[in-house]
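Note sheet for the following structure.
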Amino acid sequence: MKQQVLVNEPVRMLSRVGSKGEVTPTSFIWRDKTRYVDVVGRQWEERVGGKNLRCYLIQAVDTNTFEVRHDPGTDEWTLHRAWLRDLAV
């Protein structure tokens, strides 16, 4: 069973940008480990602290699930929440 964890930590994200400007996360570094994205699921926008953030629900190849947020104004990424198989990851 996966445990939900509130993280709110900055991450370094690699992403693809499509011809229409759409951003697709491909991998990110969190706690000194590269997490490769297997599936990009739901996407939505939220207004947080006066900023419009693009949010992504992604599943990594290790089957853990993450909610990441992108601030297009600063190009900063934040790992907001994680659903982890093993809390030691």
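Going through the structure tokens in order, the chains are called A, B, and so on, while each chain numbers its residues from 1 and the ligands are numbered from 1 in the order shown.
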
| said: Write out as a ChimeraX atom specification the set of residues from chain A that DSSP, computed on the backbone, places in strand (DSSP E or B). | reply: /A:3-17,23-30,33-48,51-60,65-71,76-84

Residues from the last selection, C-alpha atoms, saved as a tab-separated table (two decimals), in the first residue's frame:
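Dumped everything to result38.tsv:
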chain	number	residue	atom	x	y	z
A	3	GLN	CA	1.63	6.15	1.80
A	4	GLN	CA	0.80	9.76	0.93
A	5	VAL	CA	3.49	12.24	1.99
A	6	LEU	CA	3.35	16.05	1.83
A	7	VAL	CA	6.77	17.09	0.50
A	8	ASN	CA	6.86	20.72	-0.80
A	9	GLU	CA	10.51	20.57	-1.88
A	10	PRO	CA	12.13	22.11	-4.96
A	11	VAL	CA	13.29	19.59	-7.57
A	12	ARG	CA	15.37	19.73	-10.73
A	13	MET	CA	13.13	18.68	-13.59
A	14	LEU	CA	13.89	17.68	-17.16
A	15	SER	CA	10.98	18.11	-19.53
A	16	ARG	CA	10.06	18.19	-23.19
A	17	VAL	CA	8.43	21.23	-24.72
A	23	VAL	CA	5.50	21.00	-21.14
A	24	THR	CA	5.84	17.27	-20.43
A	25	PRO	CA	7.95	16.15	-17.43
A	26	THR	CA	10.42	13.35	-18.29
A	27	SER	CA	12.59	12.98	-15.17
A	28	PHE	CA	13.48	14.79	-11.96
A	29	ILE	CA	16.04	14.66	-9.19
A	30	TRP	CA	14.70	14.35	-5.65
A	33	LYS	CA	18.07	10.22	-6.89
A	34	THR	CA	16.89	10.55	-10.49
A	35	ARG	CA	13.24	9.59	-10.91
A	36	TYR	CA	12.24	8.72	-14.47
A	37	VAL	CA	8.66	9.49	-15.48
A	38	ASP	CA	6.72	6.54	-16.87
A	39	VAL	CA	3.23	8.06	-17.13
A	40	VAL	CA	2.01	11.65	-17.11
A	41	GLY	CA	-1.58	11.60	-15.89
A	42	ARG	CA	-3.91	14.38	-14.92
A	43	GLN	CA	-2.83	18.01	-15.44
A	44	TRP	CA	-4.44	21.13	-14.02
A	45	GLU	CA	-3.75	24.72	-12.96
A	46	GLU	CA	-3.84	26.11	-9.42
A	47	ARG	CA	-3.35	29.60	-8.06
A	48	VAL	CA	-0.98	29.42	-5.08
A	51	LYS	CA	1.07	32.57	-8.82
A	52	ASN	CA	-0.55	30.39	-11.46
A	53	LEU	CA	1.07	26.97	-11.27
A	54	ARG	CA	0.77	24.07	-13.70
A	55	CYS	CA	0.32	20.81	-11.77
A	56	TYR	CA	1.05	17.30	-13.00
A	57	LEU	CA	0.25	13.91	-11.53
A	58	ILE	CA	3.01	11.56	-12.67
A	59	GLN	CA	4.02	7.98	-12.07
A	60	ALA	CA	7.69	7.09	-12.04
A	65	THR	CA	3.26	8.54	-7.81
A	66	PHE	CA	4.11	12.24	-7.51
A	67	GLU	CA	2.36	15.57	-7.82
A	68	VAL	CA	4.76	18.17	-9.22
A	69	ARG	CA	4.09	21.86	-9.75
A	70	HIS	CA	5.67	24.13	-12.33
A	71	ASP	CA	5.87	27.91	-12.08
A	76	GLU	CA	10.87	26.44	-10.98
A	77	TRP	CA	9.51	23.00	-10.11
A	78	THR	CA	8.26	21.77	-6.75
A	79	LEU	CA	7.48	18.24	-5.64
A	80	HIS	CA	4.25	18.89	-3.74
A	81	ARG	CA	3.07	15.40	-2.73
A	82	ALA	CA	4.18	11.82	-3.15
A	83	TRP	CA	2.48	8.46	-2.83
A	84	LEU	CA	5.29	6.06	-1.96

| field | Nearest to Thr63 of chain A, chosen from A:Asp75, A:Gly18, A:Asp86, A:Gly49, with only C-alpha atoms counted in the distances | value |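 Of A:Asp75, A:Gly18, A:Asp86, A:Gly49, the one nearest Thr63 of chain A is A:Asp86, counting only C-alpha atoms.
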